[in-house]
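Engineer: Below is the file my_file_0.cif, with mmCIF, C-alpha atoms and all ligand atoms.
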```cif
data_my_file
loop_
_atom_site.label_atom_id
_atom_site.label_comp_id
_atom_site.auth_asym_id
_atom_site.auth_seq_id
_atom_site.Cartn_x
_atom_site.Cartn_y
_atom_site.Cartn_z
CA MET A 111 5.01 51.95 -42.53
CA ILE A 112 3.94 52.77 -38.96
CA ASP A 113 1.41 55.46 -38.03
CA LEU A 114 2.09 57.26 -34.74
CA TYR A 115 -0.72 59.17 -33.05
CA ALA A 116 0.73 61.26 -30.23
CA ALA A 117 1.51 64.66 -28.75
CA GLY A 118 4.63 66.18 -27.21
CA THR A 119 3.94 64.77 -23.74
CA SER A 120 6.29 62.43 -21.88
CA ASN A 121 4.36 59.32 -22.97
CA GLY A 122 3.97 60.62 -26.51
CA MET A 123 7.66 61.35 -26.71
CA ARG A 124 8.57 57.91 -25.42
CA ALA A 125 6.90 56.40 -28.49
CA ARG A 126 8.44 58.92 -30.89
CA ILE A 127 11.92 58.56 -29.38
CA ALA A 128 11.68 54.76 -29.68
CA LEU A 129 10.65 54.95 -33.36
CA GLU A 130 13.43 57.42 -34.18
CA GLU A 131 16.16 55.56 -32.28
CA CYS A 132 15.08 52.21 -33.74
CA GLY A 133 15.22 53.67 -37.25
CA LEU A 134 11.61 52.68 -38.01
CA LYS A 135 9.81 54.78 -40.60
CA TYR A 136 6.59 56.35 -39.40
CA ASN A 137 3.91 58.88 -40.25
CA TRP A 138 3.44 61.48 -37.53
CA HIS A 139 -0.19 62.26 -36.65
CA PRO A 140 -0.17 65.00 -33.98
CA ILE A 141 -3.15 64.74 -31.63
CA ASP A 142 -4.33 67.99 -30.06
CA LEU A 143 -5.25 67.05 -26.49
CA ALA A 144 -6.57 70.55 -25.72
CA LYS A 145 -9.08 70.16 -28.54
CA GLY A 146 -10.07 66.68 -27.34
CA GLU A 147 -8.88 64.91 -30.49
CA HIS A 148 -8.08 61.87 -28.33
CA LYS A 149 -11.77 61.46 -27.42
CA THR A 150 -13.20 61.30 -30.95
CA SER A 151 -14.84 58.07 -32.12
CA GLN A 152 -12.02 57.55 -34.66
CA PHE A 153 -9.39 57.82 -31.94
CA LEU A 154 -11.34 55.69 -29.45
CA ALA A 155 -11.44 52.96 -32.10
CA LEU A 156 -7.63 52.92 -31.87
CA ASN A 157 -7.46 53.17 -28.07
CA PRO A 158 -10.68 52.93 -26.03
CA MET A 159 -8.75 54.50 -23.11
CA GLY A 160 -8.76 57.75 -25.10
CA GLN A 161 -5.06 58.36 -24.47
CA ILE A 162 -1.99 58.89 -26.60
CA PRO A 163 0.33 57.43 -27.81
CA VAL A 164 -0.95 54.81 -30.24
CA ILE A 165 0.90 53.19 -33.11
CA VAL A 166 -0.55 51.28 -36.05
CA ASP A 167 2.03 49.06 -37.71
CA ASN A 168 0.65 48.17 -41.11
CA GLU A 169 3.39 45.55 -41.52
CA GLY A 170 3.36 43.84 -38.13
CA PRO A 171 4.38 40.25 -37.37
CA GLY A 172 3.30 37.90 -40.16
CA GLY A 173 2.54 40.92 -42.35
CA LYS A 174 -0.55 41.64 -40.24
CA LYS A 175 -1.59 45.05 -38.98
CA VAL A 176 -0.90 45.73 -35.28
CA THR A 177 -2.55 48.53 -33.29
CA LEU A 178 -0.81 49.23 -29.99
CA ALA A 179 -1.34 51.72 -27.17
CA GLN A 180 0.69 52.04 -23.93
CA SER A 181 3.99 53.83 -24.42
CA SER A 182 5.98 51.15 -22.56
CA ALA A 183 4.56 48.41 -24.80
CA ILE A 184 5.28 50.54 -27.88
CA MET A 185 8.92 50.97 -26.85
CA VAL A 186 9.42 47.23 -26.41
CA TYR A 187 7.59 46.53 -29.69
CA CYS A 188 9.87 48.94 -31.58
CA ALA A 189 13.02 47.54 -29.96
CA GLU A 190 12.04 43.95 -30.78
CA LYS A 191 11.07 44.86 -34.34
CA ALA A 192 14.41 46.59 -34.88
CA GLY A 193 16.40 44.00 -32.91
CA LYS A 194 18.03 46.79 -30.85
CA PHE A 195 18.31 48.17 -27.33
CA ILE A 196 17.38 45.03 -25.34
CA PRO A 197 20.54 43.33 -24.00
CA LYS A 198 21.09 39.72 -25.11
CA ASP A 199 22.91 38.79 -21.89
CA ALA A 200 20.35 37.64 -19.28
CA ALA A 201 21.94 39.47 -16.31
CA LYS A 202 22.23 42.71 -18.28
CA ARG A 203 18.65 42.25 -19.49
CA ALA A 204 17.39 41.85 -15.88
CA ALA A 205 19.16 45.08 -14.90
CA MET A 206 17.70 46.72 -17.98
CA TRP A 207 14.12 45.75 -17.05
CA GLU A 208 14.62 47.16 -13.55
CA ALA A 209 15.87 50.47 -14.94
CA TYR A 210 13.22 50.49 -17.68
CA MET A 211 10.42 49.95 -15.15
CA SER A 212 11.68 52.72 -12.90
CA ALA A 213 11.86 55.11 -15.85
CA SER A 214 8.44 54.03 -17.10
CA THR A 215 6.47 53.60 -13.89
CA ASP A 216 8.21 55.95 -11.42
CA ILE A 217 9.53 58.84 -13.50
CA THR A 218 6.90 59.28 -16.22
CA PRO A 219 3.82 58.95 -13.95
CA GLY A 220 5.67 61.02 -11.32
CA PHE A 221 6.06 63.83 -13.81
CA GLY A 222 2.44 63.37 -14.91
CA SER A 223 1.19 63.72 -11.34
CA VAL A 224 3.13 66.95 -10.73
CA ASN A 225 2.03 68.33 -14.08
CA ALA A 226 -1.64 67.47 -13.47
CA CYS A 227 -1.61 69.29 -10.10
CA VAL A 228 0.21 72.36 -11.41
CA ARG A 229 -1.81 72.66 -14.63
CA ALA A 230 -5.20 72.01 -12.98
CA LYS A 231 -7.89 74.66 -13.53
CA LYS A 232 -7.66 75.61 -9.84
CA PRO A 233 -4.04 74.70 -8.97
CA GLN A 234 -4.32 76.22 -5.47
CA GLN A 235 -6.62 73.32 -4.56
CA TYR A 236 -3.80 70.90 -5.38
CA ALA A 237 -0.84 72.79 -3.88
CA ALA A 238 -0.19 70.19 -1.15
CA ALA A 239 -0.47 67.31 -3.62
CA ALA A 240 1.85 69.14 -6.05
CA ASP A 241 4.49 69.49 -3.29
CA MET A 242 4.17 65.83 -2.35
CA PHE A 243 4.51 64.62 -5.95
CA LYS A 244 7.40 67.04 -6.59
CA GLN A 245 9.30 65.67 -3.60
CA ARG A 246 8.63 62.13 -4.73
CA LEU A 247 9.79 62.83 -8.30
CA GLN A 248 12.89 64.63 -7.08
CA GLY A 249 13.65 61.66 -4.81
CA TYR A 250 13.50 59.31 -7.80
CA PHE A 251 15.83 61.59 -9.78
CA LYS A 252 18.28 61.73 -6.86
CA VAL A 253 18.57 57.94 -6.96
CA TRP A 254 18.98 58.07 -10.75
CA ASN A 255 21.73 60.66 -10.27
CA ASP A 256 23.56 58.26 -7.91
CA TRP A 257 23.12 55.39 -10.35
CA LEU A 258 24.42 57.45 -13.27
CA ALA A 259 27.50 58.40 -11.24
CA LYS A 260 28.47 54.71 -11.49
CA ARG A 261 27.10 53.78 -14.93
CA LYS A 262 27.44 55.28 -18.37
CA TYR A 263 23.90 54.38 -19.38
CA ALA A 264 20.60 53.94 -17.54
CA ALA A 265 21.07 50.19 -17.04
CA GLY A 266 24.86 49.84 -17.08
CA ASP A 267 27.39 49.83 -19.90
CA GLU A 268 24.90 49.11 -22.68
CA PHE A 269 22.57 51.66 -24.25
CA SER A 270 18.99 50.38 -23.99
CA ILE A 271 15.31 51.24 -24.02
CA ALA A 272 15.76 52.20 -20.34
CA ASP A 273 17.70 55.25 -21.61
CA LEU A 274 14.98 56.04 -24.13
CA SER A 275 12.23 55.80 -21.53
CA LEU A 276 14.12 57.81 -18.91
CA TYR A 277 15.00 60.55 -21.36
CA ALA A 278 11.38 61.41 -22.16
CA GLY A 279 10.59 61.97 -18.45
CA TYR A 280 13.86 63.81 -17.86
CA TRP A 281 13.33 66.03 -20.92
CA ARG A 282 9.79 66.97 -19.85
CA THR A 283 10.87 67.63 -16.24
CA LYS A 284 13.80 69.75 -17.39
CA GLY A 285 11.47 71.81 -19.56
CA ALA A 286 8.67 72.28 -17.02
CA PHE A 287 10.23 71.95 -13.53
CA PRO A 288 14.03 72.43 -13.88
CA GLU A 289 14.30 73.30 -10.17
CA LEU A 290 13.67 69.61 -9.38
CA LEU A 291 16.90 68.62 -11.17
CA GLY A 292 19.30 71.08 -9.52
CA GLY A 293 22.69 69.76 -8.33
CA MET A 294 22.41 66.43 -10.17
CA ALA A 295 25.64 66.47 -12.16
CA SER A 296 25.65 62.82 -13.21
CA LEU A 297 22.07 62.95 -14.41
CA GLU A 298 22.91 66.12 -16.31
CA ARG A 299 25.99 64.49 -17.90
CA TRP A 300 23.81 61.61 -19.10
CA GLY A 301 21.04 64.02 -20.23
CA ASN A 302 23.52 66.02 -22.30
CA GLU A 303 24.82 62.85 -23.96
CA MET A 304 21.27 61.81 -24.78
CA ALA A 305 20.37 65.25 -26.10
CA ALA A 306 23.33 65.10 -28.49
CA ARG A 307 22.00 61.97 -30.24
CA PRO A 308 20.65 62.80 -33.72
CA ALA A 309 17.60 60.51 -33.32
CA ILE A 310 16.69 62.20 -30.03
CA GLN A 311 17.06 65.60 -31.66
CA ARG A 312 14.70 64.54 -34.46
CA ALA A 313 12.20 63.11 -31.95
CA VAL A 314 11.92 66.23 -29.79
CA LYS A 315 11.66 68.58 -32.77
CA LEU A 316 7.89 68.78 -33.05
N1 LIG B 1 -0.15 54.31 -19.49
C1 LIG B 1 -0.33 55.11 -20.66
C2 LIG B 1 -0.65 56.53 -20.25
C3 LIG B 1 -0.97 57.40 -21.44
C4 LIG B 1 -1.30 58.81 -21.02
O1 LIG B 1 -1.43 59.12 -19.81
N2 LIG B 1 -1.40 59.68 -22.01
C5 LIG B 1 -1.74 61.05 -21.73
C6 LIG B 1 -0.74 62.00 -22.35
S1 LIG B 1 0.89 61.73 -21.66
C7 LIG B 1 -3.10 61.36 -22.32
O2 LIG B 1 -3.43 60.92 -23.39
N3 LIG B 1 -3.87 62.16 -21.57
C8 LIG B 1 -5.16 62.57 -21.98
C9 LIG B 1 -6.24 61.93 -21.16
O3 LIG B 1 -5.97 61.05 -20.35
O4 LIG B 1 -7.40 62.33 -21.37
C10 LIG B 1 0.92 55.06 -21.54
O5 LIG B 1 2.01 54.83 -21.00
O6 LIG B 1 0.83 55.23 -22.76
#
```
In structure tokens, write the structure found in this file.
Ligand SMILES: N[C@@H](CCC(=O)N[C@@H](CS)C(=O)NCC(=O)O)C(=O)O

Structural biologist:
Amino acid sequence: MIDLYAAGTSNGMRARIALEECGLKYNWHPIDLAKGEHKTSQFLALNPMGQIPVIVDNEGPGGKKVTLAQSSAIMVYCAEKAGKFIPKDAAKRAAMWEAYMSASTDITPGFGSVNACVRAKKPQQYAAAADMFKQRLQGYFKVWNDWLAKRKYAAGDEFSIADLSLYAGYWRTKGAFPELLGGMASLERWGNEMAARPAIQRAVKL
């Protein structure tokens, strides 16, 4: 069994979505960031960075326990463990890594930057930065909208961890800053298809 320590943030959801979609059984340990539960000595023993998500796989490779932070690493770990969502064909896999990296290193941190500015204690001090990060995030989504006009899934014709990673950032942006996603019909089509998946529905039901 896997233990997941996370919260309903974009990175936390990336781990939970991966576990659900990969069909891996896990115990859910919600971490209250507002209460600082990610800075306790018990949590820091799991991840010295003091950040969620973290998984502990009590039956890792060779039957040994594996403790893993970093949502992108967790997604790949789950996909490899389940033998799903990473294309076997080398060209499709290369396209998948490109899409996966954009979802993981452009979209999720982009959302995080906007969110940090807007939710700061004195948001007026960060108004210019918030605008800059919003424009940047919207620009990324515009490119994704163009891509999804030509592809069924995030990386082409095969469903992959790129879809799982992108959905967490999309879902959080749609919930918090829907104005950034206006007029993006192809992205919305893909988002609706993702939202209809039973595993996604289980993952986002906190
Ligand atoms: N690169 C890390 C980032 C993790 C991260 O930023 N987690 C946030 C929540 S989404 C967090 O724990 N924030 C609390 C903090 O940094 O104190 C990952 O992908 O897992």

Engineer: With the cut-off set at 6 Å and counting all atoms listed in the file, tabulate each residue of chain A with an atom at most that distance from an atom of ligand LIG 1 (chain B), showing the nearest atom pair and its distance in Å to one decimal, ordered by chain and increasing number, as CSV.

Structural biologist:
```
residue,atom,partner,partner_atom,distance
A:Thr119,CA,B:LIG1,S1,4.8
A:Ser120,CA,B:LIG1,S1,5.4
A:Asn121,CA,B:LIG1,S1,4.4
A:Gly122,CA,B:LIG1,S1,5.9
A:Gln161,CA,B:LIG1,O2,3.2
A:Ile162,CA,B:LIG1,O2,4.1
A:Pro163,CA,B:LIG1,O6,5.5
A:Gln180,CA,B:LIG1,O6,3.4
A:Ser181,CA,B:LIG1,O6,3.8
A:Ser182,CA,B:LIG1,O5,5.6
```

Engineer: By how many Å are atom CA of Asp167 of chain A and atom CA of Tyr210 of chain A apart?

Structural biologist: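 So the answer is 23.0 Å.
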
Engineer: Point out the residue among A:Leu291, A:Ala313, A:Ala213, A:Ala116 with the least atom-to-atom distance to Asn157 of chain A, counting all atoms listed in the file.

Structural biologist: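 Checking each of A:Leu291, A:Ala313, A:Ala213, A:Ala116 against Asn157 of chain A, counting all atoms listed in the file, the winner is A:Ala116.
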
Engineer: By how many Å are atom CA of Gly279 of chain A and atom CA of Asn225 of chain A apart?

Structural biologist: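 Computed distance, atom CA of Gly279 of chain A to atom CA of Asn225 of chain A, equals 11.5 Å.
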
Engineer: Do you have the atom CA of Leu143 of chain A-atom CA of Pro158 of chain A distance handy?

Structural biologist: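 Distance reported for this atom pair: 15.1 Å.
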
Engineer: What's around segment 297-312 of chain A at 10 Å? Count only C-alpha atoms, leave out sequence neighbours fewer than 4 positions away in its own chain, and write the answer as an MDAnalysis selection string.

Structural biologist: chainID A and resid 123 126:133 251:259 261:264 273:274 276:278 280:281 284 291:293 316

Engineer: Go through A:Ser151, A:Thr283, A:Thr218, A:Ser296 one by one, measure the shortest atom-to-atom distance of each to Arg124 of chain A using all atoms listed in the file, and give the residue with the smallest value.

Structural biologist: A:Thr218

Engineer: Just checking: using only C-alpha atoms, which residue out of A:Ala240, A:Arg203, A:Thr215, A:Asp142 ends up closest to Cys227 of chain A?

Structural biologist: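 Closest candidate: A:Ala240.
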
Engineer: Please list as a ChimeraX atom specification every residue within 12 Å of Val228 of chain A, counting all atoms listed in the file and excluding residues in the same chain fewer than 6 positions away.

Structural biologist: /A:221-222,234-244,286-287

Engineer: Give me the residues near Ile141 of chain A as a ChimeraX atom specification, where near means some atom within 7 Å (using all atoms listed in the file) and where sequence neighbours in that chain fewer than 2 positions away do not count.

Structural biologist: /A:115-117,139,143,147-148

Engineer: From the set A:Gly170, A:Pro288, A:Gly118, A:Pro219, which residue has the shortest atom-to-atom contact distance to Ala192 of chain A, counting all atoms listed in the file?

Structural biologist: A:Gly170

Engineer: Determine the nearest neighbour of Pro197 of chain A from the options A:Glu169, A:Glu289, A:Asp267, A:Asp216, counting only C-alpha atoms.

Structural biologist: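 The closest residue to Pro197 of chain A is A:Asp267.
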
Engineer: Which of these residues is nearest to Lys202 of chain A, using all atoms listed in the file: A:Pro140, A:Gly266, A:Ala226, A:Lys232?

Structural biologist: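 Of all the options, A:Gly266 lies closest to Lys202 of chain A.
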
Engineer: If you count all atoms listed in the file, which residues fall within 6 Å of Val164 of chain A, apart from same-chain ones fewer than 5 positions away, as a compact mmCIF listing (two decimals) with C-alpha atoms, in the coordinates of the input?

Structural biologist:
```
# COMPACT_ATOMS: atom_id res chain seq x y z
CA LEU A 114 2.09 57.26 -34.74
CA TYR A 115 -0.72 59.17 -33.05
CA LEU A 178 -0.81 49.23 -29.99
CA ALA A 179 -1.34 51.72 -27.17
```

Engineer: As a short mmCIF file (atom, residue, chain, number, x, y, z; two decimals), in the coordinates of the input, could you write out segment 195-208 of chain A once it has been completed with N, CA and C atoms?

Structural biologist:
```
data_model
loop_
_atom_site.label_atom_id
_atom_site.label_comp_id
_atom_site.auth_asym_id
_atom_site.auth_seq_id
_atom_site.Cartn_x
_atom_site.Cartn_y
_atom_site.Cartn_z
N PHE A 195 18.56 47.51 -28.62
CA PHE A 195 18.31 48.17 -27.33
C PHE A 195 17.72 47.29 -26.23
N ILE A 196 17.74 45.96 -26.43
CA ILE A 196 17.38 45.03 -25.34
C ILE A 196 18.57 44.07 -25.22
N PRO A 197 19.32 44.14 -24.10
CA PRO A 197 20.54 43.33 -24.00
C PRO A 197 20.27 41.84 -24.21
N LYS A 198 21.21 41.18 -24.88
CA LYS A 198 21.09 39.72 -25.11
C LYS A 198 21.47 38.94 -23.85
N ASP A 199 22.45 39.45 -23.11
CA ASP A 199 22.91 38.79 -21.89
C ASP A 199 21.81 38.87 -20.81
N ALA A 200 21.50 37.71 -20.20
CA ALA A 200 20.35 37.64 -19.28
C ALA A 200 20.52 38.56 -18.06
N ALA A 201 21.74 38.62 -17.51
CA ALA A 201 21.94 39.47 -16.31
C ALA A 201 21.80 40.95 -16.68
N LYS A 202 22.36 41.30 -17.85
CA LYS A 202 22.23 42.71 -18.28
C LYS A 202 20.77 43.04 -18.61
N ARG A 203 20.06 42.02 -19.14
CA ARG A 203 18.65 42.25 -19.49
C ARG A 203 17.82 42.45 -18.20
N ALA A 204 18.12 41.69 -17.16
CA ALA A 204 17.39 41.85 -15.88
C ALA A 204 17.60 43.26 -15.33
N ALA A 205 18.86 43.71 -15.39
CA ALA A 205 19.16 45.08 -14.90
C ALA A 205 18.45 46.11 -15.78
N MET A 206 18.37 45.79 -17.07
CA MET A 206 17.70 46.72 -17.98
C MET A 206 16.22 46.84 -17.65
N TRP A 207 15.56 45.69 -17.37
CA TRP A 207 14.12 45.75 -17.05
C TRP A 207 13.89 46.55 -15.78
N GLU A 208 14.78 46.39 -14.79
CA GLU A 208 14.62 47.16 -13.55
C GLU A 208 14.68 48.66 -13.83
#
```
